[in-house]
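Beneath this line is the structure, given in structure tokens, with notes to follow.
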Amino acid sequence: MTDVRETATGLPGAAIDLAEMAGRHRGHRHLLSIADLGAEGITDVLRLTDSFVEVSRRAIPKVPALRGKTVVSVFFEDSTRTRLSFETAARRLSADVMTFSASSSSLNKGESLKDTVQTIQAMGVDGLVVRHSGSGVPWQVAGWLDGPSVINAGDGWHEHPTQALLDCYTITRKLGLAPEAGLSGRRIAIVGDIRHSRVARSDVLAFTALGAEVTLVAPPTLLPPSLAGWPVSVSHDLDRVLPTLDVVYVLRLQRERMLEALLPSIREYTATYGLTRRRAALLEEDALIMHPGPVNRGVEIAAEVADQPGSVITAQVSNGVAVRMAVLFLLLGSGVDLAVA
Amino acid sequence: MIRGGRIVDPGGSHPADVLIQDGVITSVTATVGSVPAGTVVLDASGCLVTPGLVDLHTHLREPGREEAETVETGSRAAALGGYTAVVAMPNTEPAMDSAAVIRQVQHLGASALCDVHPAGAITVGREGRMLAPMAEMAALGVRIFTDDGSGVQDSRLMRRAMEYASALGVTLAQHCEDASLAGGGHMHEGEWSSRLGLAGQPAEAEELMVMRDLALARLTGAKMHFLHLSTARSLAMIRGAKHSGLAVTAEVAPHHFTLTDECVATYDSVYKVNPPLRTAGDIEAVKEALADGTADAIATDHAPHTAEAKEAPFDQAPPGMLGLETALGLALTELDLPAERVFALMSWQPAAIAGLSAGHGGPVEAGRPANLCVVDPDEMWTVDPSASASRSRNNPYAGRKLRGRVRHTVLHGEPVVIDGEAQR
Ligand SMILES: [Zn+2]
């Protein structure tokens, strides 16, 4: 059975029973929250990602898995990196790719968000990759559409599930962890502006789903107002936390935060929460240093720390394409009928 | 005439038929014998016959936002909900901050399906900078002044408004929200806002202004009414203030005793409202305040918005939800209160707060204006937003089953609603 699927999709001969995996994902038409997948779903995506990493290394890094399918990236908020990563992933799966960006759209002419996405659906698309500065927009879009899959490429401060998946992939593979072990017992600190971070929200859900112990390190002003229901601990002392970690995950600090009285100054932030060279030396030698990018060198992380051996920031970027191939394949994959869900 | 019902009014409850002529109740008797030919008879068997409901908090959107609601469509929704009078909030465009705009709304209200009493703005343009001409508006009959939509932020200005208003015998009503602390939050700040990645406004943003205005009411002796209170501590402060003899009144909205902030997890902007949906604990506190008299009225905060406006990202959608057609059903279904208490909270107590007791709020007796509502307290029905008389559809209760529905509404003797159908 596996052979047939692999022939049809052009996937390499990894030991993955796609039909069995598809059965487990029959309920997933959309990827809105990382919580939609659960630990098992995340693990499946990571296993599929291995196959697509292999595809990406080929001379012609392309498989026919989504031939005849159309994927449109609908970015109401600019993010060239994320958009290119998704579009590259879709092209490598042989999907047709369309790009919609807010600046070129009719949103400026007073058309509502709902009208816009319904117009896109009417063009006959199979998947919408949605990015918006407003939390929850992918949920609204999924509710307004009837048919296409919606993939959340980042909504406001809320979630960024494919970032969490590529982070999980990067950590498990860089630490050489067995797939079934997840992140069990691993200690991960997320440092910085948790309050305004969709990456942090998705990462907390994903890391803890896979069994990691997560500590949030931030000044109280950059933490969410309530952490009720978050299975995390909190620290305001990065120096104390660093020596215990397998992974330190540094978030980008936006300079506007000072204007909102959340911080006195960038200087003070760097002094208390920045991953400086001195602090990086407190890490265990094999600990990973991560960042979702783009990096503010010298603010949340020192330039030389971002480039030191433990830093896997560039691996995060390069794994992004393969992870997104896995997600698109799971949700839209031909030969695996998920649309009936 | 209204035949076969049970009268519920401030005096109590008893079965009686009600005869009406020329807009006035002419008799209320146990059984009316023969009826003159040509008399319109409204069947009230199994029903409660009460003074018409009075809403202290209706946004009719006219002038300026007629695509969302007009005085006519809003008053039709009101009549269907059992209301014979509504207080129209002044956050129109232009704001109701002058005699000219008040007159315009009064003129529109003259042909509406319920009495429409505009509330005047406290400050010019509701901008919170200069006092609006309150005496000029009071001379036209305006009895409530508020900048609703926002609160008056400047404490000194609010003090002056209270002092000035006390000479006019009018009531000031406040939308309590400390704007800087609320910080443009789109929902209640707490567990759900944190999880959903939406900027929240803490309960304290409301409570700070309640606290301030209680202090200012003490200082000035002004009559203060607190609009749509939504938090347990706001209501506890009102309870304490009343206990200490302060002349303050308070209203709560049906959505604040029926829906919590968890509803926002769908990101459906129909759940965006200001003050925001709070926690389950706040719902309990609102119910308790209704039961023990801390809250004097249930007011709808009926706030129509077009589908286009609501079909925006949650953080860009305007706050507000419809309420006129569901308020009574929600109160009868969700509150563990006797019907007499519900009608006190929705008819005669709000009528007194709005200064409308001469025409509304009963008692149901000969010589009184015939503004009445006939309610079947046992009818089960399902909320269908598409069937609303409102021009808008932002109703958060779609599909909800309610017990208790308005059968007839009589406005100055005219049956404007018969058997649940608006007559014009
Ligand atoms: Zn208000």
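Ligands are numbered from 1 in the order shown, chains are lettered A, B, ... in the order of the structure tokens, and residues start at 1 in each chain.
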List all protein, DNA and RNA residues that have an atom no more than 12 Å from any atom of ligand 1, counting only C-alpha atoms and all ligand atoms, and report them as a ChimeraX atom specification.
/B:56-59,88-91,146-152,173-177,206,226-230,251-253,273-276,299-303,319-321
According to DSSP computed on the backbone, where in segment 36-193 of chain A is there strand (DSSP E)? Give the residues as a PyMOL selection string.
chain A and resi 70-75+96-101+127-132+149-155+187-191
Residues within 6 Å of segment 190-197 of chain A, please, as an mmCIF file with N, CA, C and O atoms, in the first residue's frame. Count only C-alpha atoms; anything in the same chain fewer than 3 positions from it doesn't count.
data_model
loop_
_atom_site.group_PDB
_atom_site.id
_atom_site.type_symbol
_atom_site.label_atom_id
_atom_site.label_comp_id
_atom_site.auth_asym_id
_atom_site.auth_seq_id
_atom_site.Cartn_x
_atom_site.Cartn_y
_atom_site.Cartn_z
ATOM 1 N N TRP A 157 -1.261 38.534 17.399
ATOM 2 C CA TRP A 157 -0.408 38.071 18.499
ATOM 3 C C TRP A 157 -0.719 36.618 18.816
ATOM 4 O O TRP A 157 -0.275 36.106 19.834
ATOM 5 N N ALA A 200 5.403 32.694 20.220
ATOM 6 C CA ALA A 200 5.436 32.172 21.589
ATOM 7 C C ALA A 200 4.184 31.364 21.888
ATOM 8 O O ALA A 200 4.261 30.279 22.468
ATOM 9 N N LEU A 216 8.919 30.734 30.616
ATOM 10 C CA LEU A 216 8.849 32.025 29.941
ATOM 11 C C LEU A 216 9.703 33.008 30.726
ATOM 12 O O LEU A 216 9.554 33.122 31.947
ATOM 13 N N VAL A 217 10.592 33.698 30.026
ATOM 14 C CA VAL A 217 11.466 34.665 30.695
ATOM 15 C C VAL A 217 11.220 36.027 30.060
ATOM 16 O O VAL A 217 11.484 36.222 28.863
ATOM 17 N N ALA A 218 10.679 36.938 30.848
ATOM 18 C CA ALA A 218 10.337 38.262 30.320
ATOM 19 C C ALA A 218 10.052 39.190 31.474
ATOM 20 O O ALA A 218 9.701 38.737 32.564
ATOM 21 N N LEU A 222 5.820 42.344 29.479
ATOM 22 C CA LEU A 222 5.829 41.658 28.184
ATOM 23 C C LEU A 222 5.300 40.225 28.295
ATOM 24 O O LEU A 222 5.432 39.435 27.363
ATOM 25 N N LEU A 223 4.675 39.929 29.435
ATOM 26 C CA LEU A 223 3.977 38.647 29.571
ATOM 27 C C LEU A 223 2.491 38.868 29.313
ATOM 28 O O LEU A 223 1.983 39.977 29.500
ATOM 29 N N PRO A 224 1.767 37.841 28.904
ATOM 30 C CA PRO A 224 0.313 37.995 28.787
ATOM 31 C C PRO A 224 -0.275 38.344 30.152
ATOM 32 O O PRO A 224 0.276 37.942 31.180
ATOM 33 N N TYR A 249 15.091 30.066 23.401
ATOM 34 C CA TYR A 249 14.380 30.581 22.223
ATOM 35 C C TYR A 249 14.173 32.078 22.440
ATOM 36 O O TYR A 249 13.430 32.502 23.327
ATOM 37 N N VAL A 250 14.852 32.880 21.650
ATOM 38 C CA VAL A 250 14.859 34.332 21.842
ATOM 39 C C VAL A 250 13.867 34.968 20.870
ATOM 40 O O VAL A 250 13.898 34.686 19.668
ATOM 41 N N LEU A 251 12.979 35.809 21.393
ATOM 42 C CA LEU A 251 11.988 36.471 20.540
ATOM 43 C C LEU A 251 12.490 37.853 20.120
ATOM 44 O O LEU A 251 13.265 38.490 20.824
#
Residues within 10 Å of Thr208 of chain A, only C-alpha atoms, excluding chain neighbours under 3 positions, as a tab-separated table (two decimals) with N, CA and C atoms, in the first residue's frame:
chain	number	residue	atom	x	y	z
A	39	ALA	N	-0.20	16.19	19.91
A	39	ALA	CA	1.15	15.63	19.89
A	39	ALA	C	1.34	14.65	18.72
A	182	GLY	N	9.50	12.65	21.34
A	182	GLY	CA	9.02	14.03	21.36
A	182	GLY	C	10.07	14.95	21.97
A	183	LEU	N	9.63	15.81	22.88
A	183	LEU	CA	10.56	16.70	23.58
A	183	LEU	C	10.54	16.38	25.06
A	184	SER	N	10.17	15.16	25.36
A	184	SER	CA	9.98	14.76	26.74
A	184	SER	C	11.21	15.07	27.60
A	185	GLY	N	10.97	15.81	28.67
A	185	GLY	CA	12.03	16.13	29.62
A	185	GLY	C	12.97	17.24	29.18
A	186	ARG	N	12.79	17.76	27.99
A	186	ARG	CA	13.68	18.83	27.51
A	186	ARG	C	13.26	20.15	28.14
A	188	ILE	N	13.11	24.12	27.83
A	188	ILE	CA	13.14	25.19	26.83
A	188	ILE	C	12.69	26.49	27.50
A	203	ASP	N	4.43	28.09	20.02
A	203	ASP	CA	5.54	27.28	20.53
A	203	ASP	C	5.21	26.69	21.91
A	204	VAL	N	4.58	27.49	22.76
A	204	VAL	CA	4.22	26.96	24.08
A	204	VAL	C	3.31	25.74	23.91
A	205	LEU	N	2.33	25.87	23.04
A	205	LEU	CA	1.40	24.75	22.83
A	205	LEU	C	2.12	23.54	22.26
A	211	GLY	N	5.92	17.39	25.40
A	211	GLY	CA	6.48	16.96	26.68
A	211	GLY	C	7.59	17.83	27.24
A	212	ALA	N	7.88	18.95	26.61
A	212	ALA	CA	8.96	19.81	27.12
A	212	ALA	C	8.51	20.58	28.35
A	213	GLU	N	9.49	20.97	29.16
A	213	GLU	CA	9.23	21.88	30.27
A	213	GLU	C	9.58	23.28	29.78
A	214	VAL	N	8.59	24.15	29.76
A	214	VAL	CA	8.79	25.47	29.16
A	214	VAL	C	8.80	26.53	30.25
A	230	TRP	N	-1.87	28.00	31.07
A	230	TRP	CA	-0.63	27.80	30.33
A	230	TRP	C	0.27	26.86	31.15
A	231	PRO	N	0.67	25.75	30.59
A	231	PRO	CA	1.47	24.81	31.37
A	231	PRO	C	2.95	25.20	31.37
A	232	VAL	N	3.24	26.37	31.90
A	232	VAL	CA	4.60	26.90	31.84
A	232	VAL	C	4.99	27.44	33.21
Write out as a Markdown table the residues of chain A that have any atom within 7 Å of an atom of chain B, one row each with the nearest atom pair and its distance in Å to one decimal, counting only C-alpha atoms, sorted by chain and then rising number.
| residue | atom | partner | partner_atom | distance |
| --- | --- | --- | --- | --- |
| A:Ser112 | CA | B:Glu308 | CA | 6.2 |
| A:Leu113 | CA | B:Ala312 | CA | 5.8 |
| A:Lys114 | CA | B:Glu311 | CA | 6.1 |
| A:Gly134 | CA | B:Pro313 | CA | 5.8 |
| A:Ser135 | CA | B:Gly197 | CA | 6.1 |
| A:Gly136 | CA | B:Tyr267 | CA | 5.5 |
| A:Val137 | CA | B:Pro313 | CA | 5.7 |
| A:Trp139 | CA | B:Tyr267 | CA | 6.8 |
| A:Gln140 | CA | B:Tyr267 | CA | 6.6 |
| A:Gly156 | CA | B:Gly197 | CA | 7.0 |
| A:Trp157 | CA | B:Gly197 | CA | 4.7 |
| A:His158 | CA | B:Gly197 | CA | 4.2 |
| A:Pro224 | CA | B:Ser194 | CA | 5.3 |
| A:Pro225 | CA | B:Ser194 | CA | 6.1 |
| A:Ser226 | CA | B:Glu191 | CA | 5.1 |
| A:Leu227 | CA | B:Glu191 | CA | 6.6 |
| A:Ala228 | CA | B:Glu191 | CA | 5.7 |
Would you export the selected residues with N, CA, C and O atoms as a CSV table (one decimal), in the first residue's frame, please?
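Generated output (selection_25.csv):
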chain,number,residue,atom,x,y,z
A,112,SER,N,-15.1,44.2,1.9
A,112,SER,CA,-14.9,43.6,3.3
A,112,SER,C,-14.0,42.4,3.2
A,112,SER,O,-13.8,41.8,2.1
A,113,LEU,N,-13.4,42.1,4.3
A,113,LEU,CA,-12.5,40.9,4.4
A,113,LEU,C,-13.3,39.7,3.9
A,113,LEU,O,-12.7,38.9,3.1
A,114,LYS,N,-14.5,39.5,4.2
A,114,LYS,CA,-15.3,38.4,3.8
A,114,LYS,C,-15.5,38.3,2.3
A,114,LYS,O,-15.3,37.3,1.7
A,134,GLY,N,-4.4,40.9,12.4
A,134,GLY,CA,-5.5,40.7,13.4
A,134,GLY,C,-5.6,39.3,13.9
A,134,GLY,O,-5.8,38.4,13.1
A,135,SER,N,-5.6,39.2,15.2
A,135,SER,CA,-5.7,37.8,15.8
A,135,SER,C,-7.1,37.2,15.4
A,135,SER,O,-8.1,37.9,15.4
A,136,GLY,N,-7.0,36.0,15.0
A,136,GLY,CA,-8.3,35.3,14.7
A,136,GLY,C,-8.8,35.3,13.3
A,136,GLY,O,-9.7,34.6,12.9
A,137,VAL,N,-8.1,36.1,12.4
A,137,VAL,CA,-8.6,36.2,11.0
A,137,VAL,C,-8.7,34.8,10.3
A,137,VAL,O,-9.7,34.6,9.7
A,139,TRP,N,-9.5,32.0,11.5
A,139,TRP,CA,-10.7,31.4,12.0
A,139,TRP,C,-11.9,31.9,11.3
A,139,TRP,O,-12.8,31.2,10.8
A,140,GLN,N,-11.9,33.3,11.2
A,140,GLN,CA,-13.1,33.9,10.5
A,140,GLN,C,-13.1,33.5,9.0
A,140,GLN,O,-14.2,33.1,8.5
A,156,GLY,N,-2.0,38.0,14.0
A,156,GLY,CA,-1.8,39.0,15.1
A,156,GLY,C,-0.8,38.5,16.1
A,156,GLY,O,0.3,38.1,15.8
A,157,TRP,N,-1.3,38.5,17.4
A,157,TRP,CA,-0.4,38.1,18.5
A,157,TRP,C,-0.7,36.6,18.8
A,157,TRP,O,-0.3,36.1,19.8
A,158,HIS,N,-1.5,36.0,18.0
A,158,HIS,CA,-2.2,34.8,18.4
A,158,HIS,C,-1.4,33.5,18.1
A,158,HIS,O,-0.8,32.9,19.0
A,224,PRO,N,1.8,37.8,28.9
A,224,PRO,CA,0.3,38.0,28.8
A,224,PRO,C,-0.3,38.3,30.2
A,224,PRO,O,0.3,37.9,31.2
A,225,PRO,N,-1.4,39.1,30.2
A,225,PRO,CA,-2.0,39.5,31.4
A,225,PRO,C,-2.3,38.3,32.3
A,225,PRO,O,-2.3,38.4,33.5
A,226,SER,N,-2.7,37.2,31.7
A,226,SER,CA,-3.0,36.0,32.5
A,226,SER,C,-2.3,34.8,31.9
A,226,SER,O,-2.3,34.7,30.7
A,227,LEU,N,-1.8,34.0,32.7
A,227,LEU,CA,-1.2,32.7,32.2
A,227,LEU,C,-2.0,31.5,32.7
A,227,LEU,O,-1.5,30.4,32.7
A,228,ALA,N,-3.3,31.8,33.1
A,228,ALA,CA,-4.1,30.7,33.6
A,228,ALA,C,-4.3,29.7,32.4
A,228,ALA,O,-4.6,30.1,31.3
Could you give me, as a ChimeraX atom specification, the residues within 8 Å of Phe343 of chain B, counting only C-alpha atoms and dropping anything in the same chain fewer than 4 positions from it?
/B:8-9,50,53,339,347-348
